[in-house]
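So the structure is just underneath, and the comments pick up after that.
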Amino acid sequence: MPDDEATDLQLIDEWRKGDESAAAELVRRHAGAVARFLGGAGADHDDVDDLVQETFFKAFRRVDSFRGGSAFRTWVLAIGSNVLKDAWRRKKRRPTTPIGDREFVDDSSDPLGESQANDIKARLEESVRGLPPMQRDVFLLRAQQGVEYDEIAKVLDTTPGAARVHYHHAVKRLKKALMLEPER
């Protein structure tokens, strides 16, 4: 990191003092990771932007509770996980019916390969959504975001050993779902 680039903790301190550009920089740094995490956790594609915005809104409202025991990004991802769970609960209470679906034709040079890749991707996304919540969150934090087990444990209120076990079971379930692991 260049010397002139502020750390997340410095930006949080500046935002607390009223510097709005510090908050904007934190969002710029971490919004993409939050969006990928939420998408991987099963958020509807059309809802991801709203969920990212709600995540940062809640994070900045609760920034005084951030003590620096984990990385800011990990802390925000945990808030995002809770925002997504809240959204799912709201949707269950107020079911909606889509007005219509659009289909787009992919002008790919390898339609068969593209189709197979899309099929595998869809099966993987569905399988990740089907994981128990703790396994899903640990898997996404570790595999998608590269967060270390110690930080995952802090954010999800578990132990590093338990986080490793959840990750192991998630990977095993995903391999089985994608038929990458032989039956025993």
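Please note that chains go A, B, ... in the order of the structure tokens, that every chain numbers its residues from 1, and that ligands are numbered from 1 in the order shown.
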> So which residues touch segment 119-125 of chain A within 10 Å, counting only C-alpha atoms, skipping near sequence neighbours fewer than 3 positions away, as a PyMOL selection string?
Replying inline: chain A and resi 39-42+113-116+128-130+174-175+177-178
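All residues in segment 43-79 of chain A with a DSSP state of alpha helix (DSSP H), computed from the backbone, read Val48, Asp49, Asp50, Leu51, Val52, Gln53, Glu54, Thr55, Phe56, Phe57, Lys58, Ala59, Phe60, Arg61, Phe72, Arg73, Thr74, Trp75, Val76, Leu77, Ala78 and Ile79 of chain A.
Between atom CA of Arg73 of chain A and atom CA of Ala170 of chain A the interatomic distance comes to 22.1 Å.
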>> Please determine, counting only C-alpha atoms, which residue among A:Val27, A:Ala163, A:Leu38, A:Leu141 has the shortest atom-to-atom distance to Thr74 of chain A.
In response: A:Leu141
>> At a cut-off of 12 Å, using only C-alpha atoms, what residues contact segment 49-52 of chain A? Leave out same-chain residues fewer than 5 positions from it and give the result as a count of residues only.
In response: 32
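If you measure from each of A:Arg90, A:Glu151, A:Asp137, A:Glu25 to Gly68 of chain A using only C-alpha atoms, the closest one turns out to be A:Glu151.
Between atom CA of Pro133 of chain A and atom CA of Asp157 of chain A the interatomic distance comes to 13.3 Å.
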> Leaving out Met134 of chain A and any residue of its chain fewer than 4 positions from it, which residues lie within 10 Å of it when counting only C-alpha atoms, given as a ChimeraX atom specification?
Replying inline: /A:138-140,156,158,163,166-167,170
> Could you work out how far atom CA of Phe66 of chain A lies from atom CA of Asp46 of chain A, giving the answer in Å with one decimal?
Replying inline: 29.3 Å
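Nearest to Ser21 of chain A of all the residues A:Ala6, A:Ala143, A:Val48, A:Met179 is A:Ala6, based on only C-alpha atoms.
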